[in-house]
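All remarks here apply to the structure that follows.
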Amino acid sequence: MSSDDITLNSQQLLPLYRMMALIRRTEEQLARSHQMGLVPGPCHTYVGEEAIAAGVCAKLRDDDVVFSTHRGHGHALAKGVSPRAVAAELFGKATGCSQGRGGSMHLFAPEIGLMGTSGIVGPSILQGAGAGYSFKLLGSDQVSVAFFGDGAVSNGAFHEGLNLAAIWDLPVIFVCEDNMYATEVPFREATRVQDVAERASVSYDMAAVCVDGNDVLAVRQASEAAVARARAGEGPSLIECKTYRTRPHAEGMRDGGYRTDEEMAAWKRRDPIASYGAWLLENGHASEGGLEAIEAEVNATVDEAIEFARSSPFPDPATASDFIFSAGV
Amino acid sequence: MSSDDITLNSQQLLPLYRMMALIRRTEEQLARSHQMGLVPGPCHTYVGEEAIAAGVCAKLRDDDVVFSTHRGHGHALAKGVSPRAVAAELFGKATGCSQGRGGSMHLFAPEIGLMGTSGIVGPSILQGAGAGYSFKLLGSDQVSVAFFGDGAVSNGAFHEGLNLAAIWDLPVIFVCEDNMYATEVPFREATRVQDVAERASVSYDMAAVCVDGNDVLAVRQASEAAVARARAGEGPSLIECKTYRTRPHAEGMRDGGYRTDEEMAAWKRRDPIASYGAWLLENGHASEGGLEAIEAEVNATVDEAIEFARSSPFPDPATASDFIFSAGV
Amino acid sequence: MREITYTEAAREALTEQMAVDPSIFVVGEGIGERGGNFNTTLGLYEKYGPMRLRDTPIVERGFVGMCAGAAMTGTRPVVDFMFIDFILDSMGELLNQISKIQYMSSGRIKMPIVLRGCIGIGGAAATHHSGSYYPLFVHIPGFRVALPSTPYDAKGLLKTALTGDDPVLFLEHKLLLNRRGPVPEEEYKLPFGQAAVAREGSDATVVALAVMAPKALAVCDELAKEGLDIEVIDPRTLAPLDMGTILESVRKTGRLLIADETFGPCGIGAEISAQVMEESFDDLDAPIARLNGAHTPTPYSPSLESAIIPDNVAIAKAIRDLVAE
Amino acid sequence: MREITYTEAAREALTEQMAVDPSIFVVGEGIGERGGNFNTTLGLYEKYGPMRLRDTPIVERGFVGMCAGAAMTGTRPVVDFMFIDFILDSMGELLNQISKIQYMSSGRIKMPIVLRGCIGIGGAAATHHSGSYYPLFVHIPGFRVALPSTPYDAKGLLKTALTGDDPVLFLEHKLLLNRRGPVPEEEYKLPFGQAAVAREGSDATVVALAVMAPKALAVCDELAKEGLDIEVIDPRTLAPLDMGTILESVRKTGRLLIADETFGPCGIGAEISAQVMEESFDDLDAPIARLNGAHTPTPYSPSLESAIIPDNVAIAKAIRDLVAE
Ligand SMILES: Cc1ncc(C[n+]2csc(CCOP(=O)(O)OP(=O)(O)O)c2C)c(N)n1
Ligand SMILES: Cc1ncc(C[n+]2csc(CCOP(=O)(O)OP(=O)(O)O)c2C)c(N)n1
Ligand SMILES: [Mg+2]
Ligand SMILES: [Mg+2]
């Protein structure tokens, strides 16, 4: 754990811990619910990567926007969507953040800037750039964030989206979550150049940094700089976050073969929550009791959210075709 | 004009001159024919860029393949398609290389490796990579060449195609013809990084060079190295050729506004044919009479080709829907 | 009433709306200073500047996906594809994102995006510059599809597109662009889903799309001399499709031909035919007929090109055959 | 005869052809060592190695365009999209290149490429993993479209796809993958354009596509107890479409229902309806009926998902209504 940012105090430090814990607990409960058959569709968890969403979103306002991926629960929670609304969505309930239309890969809460998670790899990058175009045209100081995995880096959307944001100086932050694999295809086989930040700077002339994605303070700091740049009209940034998912690609999928036990163990030792907790204790920013209290509160919140999801009603079948078009025309 | 290649003798040097002269004369005659209404569709000429096709294709065998663009007359001629077949195609005649189905942007002569020119920007890059995949799988030492303009560099096809060729070590040569404009949009506005070769090497770890695209020997030399690399199984290369088209984007289009007279004049002074001719004379590789004889022969050939095109029959309307499917199924 | 061209009419709609709505911007290749390959934006750059008339690199997927994000966040992008053929590289953004996000977000996100381009066969443009593709966007839920055939309709429908909140395909046939027609100076809009009865008649109904509408009108004027009294309907929008007007006409005439330049299989004619069958089977005095371009990529040579599109002779024959059934 | 699953049958076709034809290779995400998300290539990597079972980055446009170039130069690529939804980013390569190059080259270049993927609604996969899209490829000239509903058909049609020289869409409905059925051990192929009369009957004809075929068969077995004698036809390929078999059946029964899970507008049902109208109007005793999934993006929640697809009750009702007309 490393941070040069001496201005941080516990009022800023502990919410980061709480957010990571909240994501972790929500994911674990969703995974369990999936095993129990309560989540009818696919479920991609964010376990091991919590520091990225928590760190990036800590610096965002409600009216800043986030475009996310198939692995989007953490982004939704960090942007402020309640665990209730996320869990209920995965349970397919009317009380879910997409009213049951979306499930794990299609979370929407535009009222607080969660502009959608996508089951398709790539579009978040382009839509993120587009929101930046809106903000620039409208003269607003809002900021747009696009999350995407290492799997999106070889895709044309990465190239076209970064280039457009760069040539037009759009207020966009591209956050690459490099967890080393796209499903089971290793990033090292998808490209000969795994340094995403260097690419962004050499090929698109974009401000870009590579950080330890398991270090929430490092992510937060990079985000702070990128947000400041965007708000000041100085153009886009890319933040490359090196991380690892410690659960299978999706719940219920076999996870053997492509990852070694040693690799997994090494990354588990670098768990973003445990290591941040240890750093907080070491540096006197929190007590053991304090962290335990946070965890207890989070656990209660999440457990209640799961219960809420379970007891919520399914959407009315008669509404299945609503909202295809705006009422306007 | 610069060449380190001391092994070249006039047997190799004069055909380059002839090929450039042939392309130039064909283009000029096609442009004239277009003005006269003899070319019913669009016509994008290669005037000013002849050194690239001539230099690259000089090193190819008949069974090597070329994938080209909307500006493909020069590539077709350099790959060995006769001026007759090219001119007749533009005239929409049954004797054209695509039997009248294609026109300027859809030239096919697969029997000698011209695998098609495309009216869509981008696909040549991907198809070029695919031919490389075939050759590698089949264990052949054939080489694949993809031509494309600066306009394709920002397109996702460039990124996806170069990356695939690089990670799989395919025998492909990517030839970027940077004539500074895509229609009237300057390359400097399409990207912040105009150095295409550097991108290829930094982002895709590909062997890449930037050459003067108006220097036929420089192009030929780069092609020689790339072909050798591909045949030896050492993977893809990129050749960035800086050049300029001295006619409008397409015949009949206005050409004002986006290019200055000075810029045009400067590039005309660097005409690839005139400067190569001067170099040949200076270095004693040809006499004035020799070059004039080549030009006379070329002019006669092209003029005869135009006459052939003019007098050829239009295709039979009854064949308009032939060849959609192979006969096989 | 003054007469202006189709392109001028559509450009008027655009410039008028851009004047009143600062959130509208246009992206495309050469739509800035140059004013568009088809003059769709001529003179607008001078008025509205580069942020609102945005020349792009050749990245159809990129700028369509980008415009989706823009439409989701408070602006109104107009994507000018030049030739609609170039839309294909952006189909993922269109079919998986733009058409679905209003639905997935339960109506909380709007998608006010206009996608315009030049369609159709003509001028030896060959197969990469002659596509139409509208049946694809009628098949997929979530799009409005406008296909005006007159300057009046072009202006009125584009105004509606630019003031609505849904994704709209606005498709301009290349052979219509320079046609002139009356366009009022006063502000007006045309609602989507309202067909035009371009010609009244009682012997048969011809539904004619895009360039087929003026062709059919010319043919029917000729046929009138033979005593044939044909009704011509231009649906103007294909999604929504005004089946009411078509059904009403078929109830009157008992005979229906759908004339459409683009491909027949799973096309607009098939859909109209199936719906008339379902709704008005007993009113039919003859089988519904379809007249389409050949099911083939578009060849270049004029001798082949003209062989694959229905000309006036083919239209006249189809109508005579229908009436004779 | 032994019974194997649909996926096993298709995999057998692939591995057998790969053994005899060294020019076949497969590309896709996770189709190498992992054997494919749907086990389409399970065990093949061990036999044929990485050049022929090629795991790719997530670049659908890239590898489709690449495979076009490969197909043009002597190899036979099989693109395994996993979910067919991912095909959309490659539509430019498909519609502007792959479907046109045989034509543009006057038949001198072949395009032997197989594009396979999992289609259909089920299992709360939601809107990015539930598409079908086949009407798009029927509309555009230049594709063969195979839509097998049984293991027998899956194997026989994939063999034909892998030995022909045309681009073939080979589409596998996700709810069929684990269904078992008889598949002979001997070599066989099924020609394209030959429908299966899956059940003979005289009261009405049901044309049922993909997962609707087994559904319709089950429903018709039930209806037989009520004395209704229904013919069920599975076209098996949509391009070419065996209209002969359908027309023959309609001449016998006078009544036709087309049951198709995907969207109605400009869909297969519309095309079949229009063609029957054109060819066999006088044989019809009732209007042709279409039964389709709702025209809506696919929702996630089981309560919504089941509301948009025609279930057995809906099929039975549609048949009863048709016979009652
Ligand atoms: C265009 C597209 N192709 C394929 C898929 C199937 N798919 C879903 S997730 C995934 C891997 C994504 O990897 P990455 O981007 O690294 O994200 P991670 O899952 O590692 O977070 C793939 C291939 C998809 N969703 N979209
Ligand atoms: C996908 C696509 N979008 C747009 C076009 C229209 N168009 C034809 S040529 C051209 C410019 C191409 O520029 P460049 O690649 O630099 O080639 P050059 O014409 O300069 O040789 C454009 C935009 C096209 N053919 N394909
Ligand atoms: Mg990953
Ligand atoms: Mg250029």
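How things are named: the first chain in the structure tokens is A, the next is B, and so on; residues count from 1 in each chain; ligands count from 1 in the order shown.
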
*Any chance you could list, as a list in words, the residues in region 27-198 of chain A that come up strand (DSSP E or B) when DSSP is run on the backbone?*
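Filtering region 27-198 of chain A down to strand (DSSP E or B) leaves Val65, Val66, Phe67, Ser68, Ala109, Leu114, Met115, Gly116, Thr117, Ser144, Val145, Ala146, Phe147, Phe148, Gly149, Val172, Ile173, Phe174, Val175, Cys176, Glu177, Asp178, Tyr181, Ala182, Val185 and Pro186 of chain A.
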
*What are the residues of chain A that have an atom within 6 Å of an atom of chain D, counting only C-alpha atoms, as a list in words?*
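On the chain A side, the interface is Pro40, Gly41, Gly92, Gly100, Arg101, Gly102, Gly103, Gly119, Asn155, Ala190, Pro317, Ala320 and Ser321 of chain A.
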
Written file, previous selection with all heavy atoms, as a PDB file, in the first residue's frame:
ATOM      1  N   PRO A  40     -31.376 -16.068 -11.843  1.00  0.00           N
ATOM      2  CA  PRO A  40     -31.715 -16.947 -12.968  1.00  0.00           C
ATOM      3  C   PRO A  40     -30.738 -16.884 -14.135  1.00  0.00           C
ATOM      4  O   PRO A  40     -30.620 -17.839 -14.901  1.00  0.00           O
ATOM      5  CB  PRO A  40     -33.104 -16.456 -13.393  1.00  0.00           C
ATOM      6  CG  PRO A  40     -33.212 -15.056 -12.879  1.00  0.00           C
ATOM      7  CD  PRO A  40     -32.382 -15.003 -11.637  1.00  0.00           C
ATOM      8  N   GLY A  41     -30.009 -15.795 -14.271  1.00  0.00           N
ATOM      9  CA  GLY A  41     -29.110 -15.657 -15.424  1.00  0.00           C
ATOM     10  C   GLY A  41     -27.653 -15.658 -15.007  1.00  0.00           C
ATOM     11  O   GLY A  41     -27.306 -16.036 -13.891  1.00  0.00           O
ATOM     12  N   GLY A  92     -33.904 -10.719 -10.828  1.00  0.00           N
ATOM     13  CA  GLY A  92     -34.946 -10.562 -11.850  1.00  0.00           C
ATOM     14  C   GLY A  92     -36.207  -9.910 -11.341  1.00  0.00           C
ATOM     15  O   GLY A  92     -37.297 -10.156 -11.872  1.00  0.00           O
ATOM     16  N   GLY A 100     -35.780  -5.366 -13.588  1.00  0.00           N
ATOM     17  CA  GLY A 100     -35.834  -6.757 -14.015  1.00  0.00           C
ATOM     18  C   GLY A 100     -35.574  -6.981 -15.493  1.00  0.00           C
ATOM     19  O   GLY A 100     -35.494  -8.109 -15.950  1.00  0.00           O
ATOM     20  N   ARG A 101     -35.397  -5.928 -16.248  1.00  0.00           N
ATOM     21  CA  ARG A 101     -35.144  -6.075 -17.684  1.00  0.00           C
ATOM     22  C   ARG A 101     -33.704  -6.473 -17.988  1.00  0.00           C
ATOM     23  O   ARG A 101     -33.415  -6.971 -19.065  1.00  0.00           O
ATOM     24  CB  ARG A 101     -35.394  -4.755 -18.402  1.00  0.00           C
ATOM     25  CG  ARG A 101     -36.828  -4.441 -18.583  1.00  0.00           C
ATOM     26  CD  ARG A 101     -37.009  -3.257 -19.511  1.00  0.00           C
ATOM     27  NE  ARG A 101     -38.341  -3.305 -20.044  1.00  0.00           N
ATOM     28  CZ  ARG A 101     -39.433  -3.131 -19.323  1.00  0.00           C
ATOM     29  NH1 ARG A 101     -39.332  -2.883 -18.031  1.00  0.00           N
ATOM     30  NH2 ARG A 101     -40.619  -3.226 -19.875  1.00  0.00           N
ATOM     31  N   GLY A 102     -32.789  -6.178 -17.026  1.00  0.00           N
ATOM     32  CA  GLY A 102     -31.388  -6.251 -17.377  1.00  0.00           C
ATOM     33  C   GLY A 102     -30.607  -7.439 -16.841  1.00  0.00           C
ATOM     34  O   GLY A 102     -29.916  -8.129 -17.575  1.00  0.00           O
ATOM     35  N   GLY A 103     -30.691  -7.666 -15.535  1.00  0.00           N
ATOM     36  CA  GLY A 103     -29.841  -8.686 -14.927  1.00  0.00           C
ATOM     37  C   GLY A 103     -28.423  -8.190 -14.789  1.00  0.00           C
ATOM     38  O   GLY A 103     -28.111  -7.015 -15.037  1.00  0.00           O
ATOM     39  N   GLY A 119     -23.391  -6.177 -21.903  1.00  0.00           N
ATOM     40  CA  GLY A 119     -22.998  -7.559 -22.120  1.00  0.00           C
ATOM     41  C   GLY A 119     -22.068  -7.734 -23.303  1.00  0.00           C
ATOM     42  O   GLY A 119     -21.532  -8.815 -23.523  1.00  0.00           O
ATOM     43  N   ASN A 155      -9.678  -4.845 -29.240  1.00  0.00           N
ATOM     44  CA  ASN A 155     -10.873  -4.575 -30.037  1.00  0.00           C
ATOM     45  C   ASN A 155     -10.816  -3.197 -30.688  1.00  0.00           C
ATOM     46  O   ASN A 155     -10.318  -2.235 -30.089  1.00  0.00           O
ATOM     47  CB  ASN A 155     -12.089  -4.686 -29.109  1.00  0.00           C
ATOM     48  CG  ASN A 155     -13.396  -4.666 -29.854  1.00  0.00           C
ATOM     49  OD1 ASN A 155     -13.849  -3.619 -30.307  1.00  0.00           O
ATOM     50  ND2 ASN A 155     -13.988  -5.831 -30.023  1.00  0.00           N
ATOM     51  N   ALA A 190      -3.244 -12.342 -26.406  1.00  0.00           N
ATOM     52  CA  ALA A 190      -4.129 -11.488 -27.200  1.00  0.00           C
ATOM     53  C   ALA A 190      -3.370 -10.353 -27.868  1.00  0.00           C
ATOM     54  O   ALA A 190      -3.885  -9.710 -28.787  1.00  0.00           O
ATOM     55  CB  ALA A 190      -5.236 -10.922 -26.323  1.00  0.00           C
ATOM     56  N   PRO A 317     -45.675  -9.430 -16.323  1.00  0.00           N
ATOM     57  CA  PRO A 317     -45.443  -9.847 -17.712  1.00  0.00           C
ATOM     58  C   PRO A 317     -46.073  -8.898 -18.729  1.00  0.00           C
ATOM     59  O   PRO A 317     -45.557  -8.757 -19.844  1.00  0.00           O
ATOM     60  CB  PRO A 317     -46.106 -11.226 -17.787  1.00  0.00           C
ATOM     61  CG  PRO A 317     -46.196 -11.706 -16.389  1.00  0.00           C
ATOM     62  CD  PRO A 317     -46.251 -10.499 -15.499  1.00  0.00           C
ATOM     63  N   ALA A 320     -43.761  -6.398 -20.536  1.00  0.00           N
ATOM     64  CA  ALA A 320     -42.559  -6.905 -21.218  1.00  0.00           C
ATOM     65  C   ALA A 320     -42.144  -6.069 -22.424  1.00  0.00           C
ATOM     66  O   ALA A 320     -40.963  -6.018 -22.760  1.00  0.00           O
ATOM     67  CB  ALA A 320     -42.750  -8.364 -21.615  1.00  0.00           C
ATOM     68  N   SER A 321     -43.093  -5.439 -23.071  1.00  0.00           N
ATOM     69  CA  SER A 321     -42.732  -4.650 -24.253  1.00  0.00           C
ATOM     70  C   SER A 321     -42.809  -3.143 -24.021  1.00  0.00           C
ATOM     71  O   SER A 321     -42.806  -2.362 -24.982  1.00  0.00           O
ATOM     72  CB  SER A 321     -43.610  -5.032 -25.458  1.00  0.00           C
ATOM     73  OG  SER A 321     -43.382  -6.372 -25.814  1.00  0.00           O
TER      74      SER A 321
END

_as a PyMOL selection string, could you give me every residue of chain D near chain C (at most 7 Å apart, counting only C-alpha atoms)?_
chain D and resi 88-92+96+100+128+135-136+138-139+141+263+265-268+270-271+273-274+277-278+281+287-289+295-297

*Report as a list in words the set of chain A residues whose atoms approach chain B to within 7 Å, with distances computed over only C-alpha atoms.*
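Applying the cut-off to the listed atoms yields Ser154, Asn155, Gly156, Ala157, His159, Glu160, Asn163, Ile167, Thr191, Arg192, Val193, Arg199, Val202, Ser203, Tyr204 and Asp205 of chain A.
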
Output all heavy atoms for every residue in that selection, as a compact mmCIF listing (two decimals), in the first residue's frame.
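Now in result.txt:
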# COMPACT_ATOMS: atom_id res chain seq x y z
N SER A 154 -7.70 -5.17 -27.48
CA SER A 154 -7.40 -5.52 -28.87
C SER A 154 -8.54 -5.18 -29.81
O SER A 154 -8.38 -5.24 -31.03
CB SER A 154 -7.11 -7.02 -28.98
OG SER A 154 -6.03 -7.36 -28.14
N ASN A 155 -9.68 -4.85 -29.24
CA ASN A 155 -10.87 -4.58 -30.04
C ASN A 155 -10.82 -3.20 -30.69
O ASN A 155 -10.32 -2.23 -30.09
CB ASN A 155 -12.09 -4.69 -29.11
CG ASN A 155 -13.40 -4.67 -29.85
OD1 ASN A 155 -13.85 -3.62 -30.31
ND2 ASN A 155 -13.99 -5.83 -30.02
N GLY A 156 -11.38 -3.10 -31.87
CA GLY A 156 -11.41 -1.84 -32.60
C GLY A 156 -12.01 -0.68 -31.82
O GLY A 156 -11.63 0.48 -32.02
N ALA A 157 -12.94 -0.99 -30.92
CA ALA A 157 -13.58 0.08 -30.15
C ALA A 157 -12.56 0.83 -29.29
O ALA A 157 -12.67 2.05 -29.09
CB ALA A 157 -14.68 -0.50 -29.26
N HIS A 159 -9.37 1.35 -30.00
CA HIS A 159 -8.59 2.18 -30.92
C HIS A 159 -9.40 3.39 -31.39
O HIS A 159 -8.94 4.54 -31.32
CB HIS A 159 -8.20 1.28 -32.09
CG HIS A 159 -7.44 1.88 -33.20
ND1 HIS A 159 -6.13 2.30 -33.08
CD2 HIS A 159 -7.79 2.10 -34.50
CE1 HIS A 159 -5.71 2.75 -34.26
NE2 HIS A 159 -6.69 2.64 -35.12
N GLU A 160 -10.60 3.14 -31.83
CA GLU A 160 -11.42 4.23 -32.36
C GLU A 160 -11.84 5.18 -31.25
O GLU A 160 -11.84 6.40 -31.42
CB GLU A 160 -12.63 3.67 -33.11
CG GLU A 160 -12.21 2.84 -34.33
CD GLU A 160 -13.37 2.44 -35.25
OE1 GLU A 160 -14.53 2.82 -35.00
OE2 GLU A 160 -13.10 1.74 -36.25
N ASN A 163 -8.83 7.23 -29.80
CA ASN A 163 -8.40 8.23 -30.78
C ASN A 163 -9.36 9.41 -30.84
O ASN A 163 -8.93 10.58 -30.84
CB ASN A 163 -8.27 7.57 -32.16
CG ASN A 163 -7.68 8.51 -33.21
OD1 ASN A 163 -6.62 9.09 -33.00
ND2 ASN A 163 -8.40 8.69 -34.30
N ILE A 167 -8.28 13.26 -30.07
CA ILE A 167 -8.19 14.36 -31.04
C ILE A 167 -9.16 15.48 -30.71
O ILE A 167 -8.94 16.62 -31.08
CB ILE A 167 -8.40 13.90 -32.51
CG1 ILE A 167 -9.77 13.24 -32.72
CG2 ILE A 167 -7.29 12.95 -32.93
CD1 ILE A 167 -10.04 12.86 -34.19
N THR A 191 -2.17 -10.11 -27.40
CA THR A 191 -1.39 -8.99 -27.93
C THR A 191 0.07 -9.22 -27.57
O THR A 191 0.38 -9.89 -26.60
CB THR A 191 -1.88 -7.66 -27.34
OG1 THR A 191 -1.00 -6.62 -27.75
CG2 THR A 191 -1.92 -7.69 -25.82
N ARG A 192 0.95 -8.61 -28.36
CA ARG A 192 2.36 -8.69 -27.99
C ARG A 192 2.74 -7.55 -27.07
O ARG A 192 3.84 -7.56 -26.52
CB ARG A 192 3.22 -8.63 -29.25
CG ARG A 192 2.92 -9.75 -30.21
CD ARG A 192 4.02 -10.76 -30.17
NE ARG A 192 5.05 -10.37 -31.08
CZ ARG A 192 5.47 -11.14 -32.09
NH1 ARG A 192 4.95 -12.34 -32.29
NH2 ARG A 192 6.40 -10.72 -32.89
N VAL A 193 1.88 -6.58 -26.94
CA VAL A 193 2.22 -5.41 -26.14
C VAL A 193 1.17 -5.28 -25.03
O VAL A 193 0.04 -4.88 -25.27
CB VAL A 193 2.20 -4.14 -27.01
CG1 VAL A 193 2.48 -2.91 -26.17
CG2 VAL A 193 3.21 -4.27 -28.15
N ARG A 199 0.77 2.30 -24.77
CA ARG A 199 0.06 2.39 -26.04
C ARG A 199 -0.76 3.64 -26.14
O ARG A 199 -0.80 4.31 -27.18
CB ARG A 199 -0.94 1.24 -26.14
CG ARG A 199 -0.38 0.05 -26.76
CD ARG A 199 -1.57 -0.71 -27.25
NE ARG A 199 -1.28 -2.12 -27.14
CZ ARG A 199 -1.98 -3.03 -27.78
NH1 ARG A 199 -3.02 -2.70 -28.51
NH2 ARG A 199 -1.65 -4.28 -27.69
N VAL A 202 1.63 6.53 -26.64
CA VAL A 202 2.36 6.56 -27.91
C VAL A 202 1.43 6.64 -29.11
O VAL A 202 1.68 7.37 -30.06
CB VAL A 202 3.29 5.33 -28.04
CG1 VAL A 202 3.85 5.23 -29.45
CG2 VAL A 202 4.39 5.39 -27.01
N SER A 203 0.33 5.88 -29.08
CA SER A 203 -0.52 5.83 -30.28
C SER A 203 -1.56 6.93 -30.32
O SER A 203 -2.04 7.28 -31.39
CB SER A 203 -1.23 4.48 -30.37
OG SER A 203 -0.34 3.49 -30.80
N TYR A 204 -1.94 7.44 -29.15
CA TYR A 204 -3.03 8.43 -29.16
C TYR A 204 -2.63 9.73 -28.48
O TYR A 204 -3.45 10.63 -28.38
CB TYR A 204 -4.29 7.81 -28.52
CG TYR A 204 -4.58 6.44 -29.09
CD1 TYR A 204 -4.36 5.28 -28.35
CD2 TYR A 204 -5.00 6.30 -30.41
CE1 TYR A 204 -4.57 4.02 -28.89
CE2 TYR A 204 -5.21 5.05 -30.97
CZ TYR A 204 -4.98 3.91 -30.21
OH TYR A 204 -5.18 2.68 -30.76
N ASP A 205 -1.42 9.77 -27.98
CA ASP A 205 -0.93 10.98 -27.34
C ASP A 205 -1.82 11.37 -26.16
O ASP A 205 -2.20 12.53 -25.99
CB ASP A 205 -0.88 12.13 -28.38
CG ASP A 205 -0.14 13.34 -27.85
OD1 ASP A 205 0.69 13.18 -26.94
OD2 ASP A 205 -0.43 14.45 -28.32

*asked:* Can you pull out the residues contacting Ile315 (chain C)? Cut-off 8 Å, using only C-alpha atoms, and skip same-chain residues under 4 positions away; I want them as a list in words.
replied: Ala216, Val219, Ala259, Leu291, Pro310, Asp311 and Ile319 of chain C

Residues from last step as file, C-alpha atoms, as an mmCIF file, in the first residue's frame:
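That gives us result-v4.cif:
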data_model
loop_
_atom_site.group_PDB
_atom_site.id
_atom_site.type_symbol
_atom_site.label_atom_id
_atom_site.label_comp_id
_atom_site.auth_asym_id
_atom_site.auth_seq_id
_atom_site.Cartn_x
_atom_site.Cartn_y
_atom_site.Cartn_z
ATOM 1 C CA ALA C 216 -45.042 4.633 -59.997
ATOM 2 C CA VAL C 219 -46.433 5.063 -64.787
ATOM 3 C CA ALA C 259 -42.914 -1.779 -55.483
ATOM 4 C CA LEU C 291 -41.937 -5.977 -57.476
ATOM 5 C CA PRO C 310 -37.493 -2.348 -61.789
ATOM 6 C CA ASP C 311 -37.976 0.304 -64.457
ATOM 7 C CA ILE C 319 -49.778 -3.313 -62.567
#

_Near-Thr15 (chain C) list (8 Å; only C-alpha atoms; drop same-chain fewer than 4 positions) as a PyMOL selection string_ = chain C and resi 11+19+44

Prev. selection, N, CA, C and O atoms, output as a PDB file, in the first residue's frame:
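The result, stored in result-v7.pdb:
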ATOM      1  N   ARG C  11     -31.903  19.956 -45.719  1.00  0.00           N
ATOM      2  CA  ARG C  11     -30.907  20.843 -45.109  1.00  0.00           C
ATOM      3  C   ARG C  11     -31.589  21.985 -44.352  1.00  0.00           C
ATOM      4  O   ARG C  11     -31.122  22.390 -43.287  1.00  0.00           O
ATOM      5  N   ALA C  19     -30.628  25.828 -35.243  1.00  0.00           N
ATOM      6  CA  ALA C  19     -30.717  27.202 -34.739  1.00  0.00           C
ATOM      7  C   ALA C  19     -31.488  27.256 -33.429  1.00  0.00           C
ATOM      8  O   ALA C  19     -31.144  28.015 -32.527  1.00  0.00           O
ATOM      9  N   LEU C  44     -23.469  25.094 -43.299  1.00  0.00           N
ATOM     10  CA  LEU C  44     -23.781  25.009 -41.868  1.00  0.00           C
ATOM     11  C   LEU C  44     -22.543  25.221 -40.997  1.00  0.00           C
ATOM     12  O   LEU C  44     -22.630  25.755 -39.885  1.00  0.00           O
TER      13      LEU C  44
END

May I have the residues within 6 Å of ligand 2, computed using only C-alpha atoms and all ligand atoms, as an mmCIF file with C-alpha atoms, in the first residue's frame?
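Listed below is the output, result-v8.cif:
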data_model
loop_
_atom_site.group_PDB
_atom_site.id
_atom_site.type_symbol
_atom_site.label_atom_id
_atom_site.label_comp_id
_atom_site.auth_asym_id
_atom_site.auth_seq_id
_atom_site.Cartn_x
_atom_site.Cartn_y
_atom_site.Cartn_z
ATOM 1 C CA ARG B 71 -7.571 3.802 -55.179
ATOM 2 C CA GLY B 119 -14.865 0.442 -52.079
ATOM 3 C CA ILE B 120 -14.954 0.202 -48.307
ATOM 4 C CA VAL B 121 -12.062 1.538 -46.251
ATOM 5 C CA PHE B 148 -4.443 1.065 -47.378
ATOM 6 C CA GLY B 149 -4.499 4.827 -47.017
ATOM 7 C CA ASP B 150 -3.854 7.105 -44.075
ATOM 8 C CA GLY B 151 -7.637 7.197 -43.753
ATOM 9 C CA ALA B 152 -7.680 3.588 -42.628
ATOM 10 C CA ASN B 179 -1.016 10.921 -48.911
ATOM 11 C CA TYR B 181 -5.647 13.375 -46.721
ATOM 12 C CA ALA B 182 -8.678 11.149 -46.543
ATOM 13 C CA THR B 183 -10.807 12.854 -49.160
ATOM 14 C CA HIS B 249 -9.783 12.604 -54.560
ATOM 15 C CA GLU C 29 -16.706 12.500 -43.115
ATOM 16 C CA ILE C 58 -13.150 7.058 -41.099
ATOM 17 C CA PHE C 86 -20.883 2.618 -44.427
#

*CA of Ala109 (chain B) and CA of Asp62 (chain B), how far apart in Å?*
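Pair CA of Asp62 (chain B) / CA of Ala109 (chain B) returns 10.8 Å.
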
*Any idea what's packed within 8 Å of Pro77 (chain C), counting only C-alpha atoms, ignoring anything in its chain fewer than 2 positions away? Could you give it as a list of chain:residue names?*
C:Ser23, C:Ile24, C:Phe25, C:Val26, C:Val27, C:Cys67, C:Ala70, C:Ala71, C:Thr75, C:Val79, C:Pro112, C:Ile113, C:Val114

_Distance query region 287-295 of chain B at most 12 Å, only C-alpha atoms, self and fewer than 5 positions along chain excluded, as a ChimeraX atom specification_ = /B:10,13-26,273-274,276-282,300-303
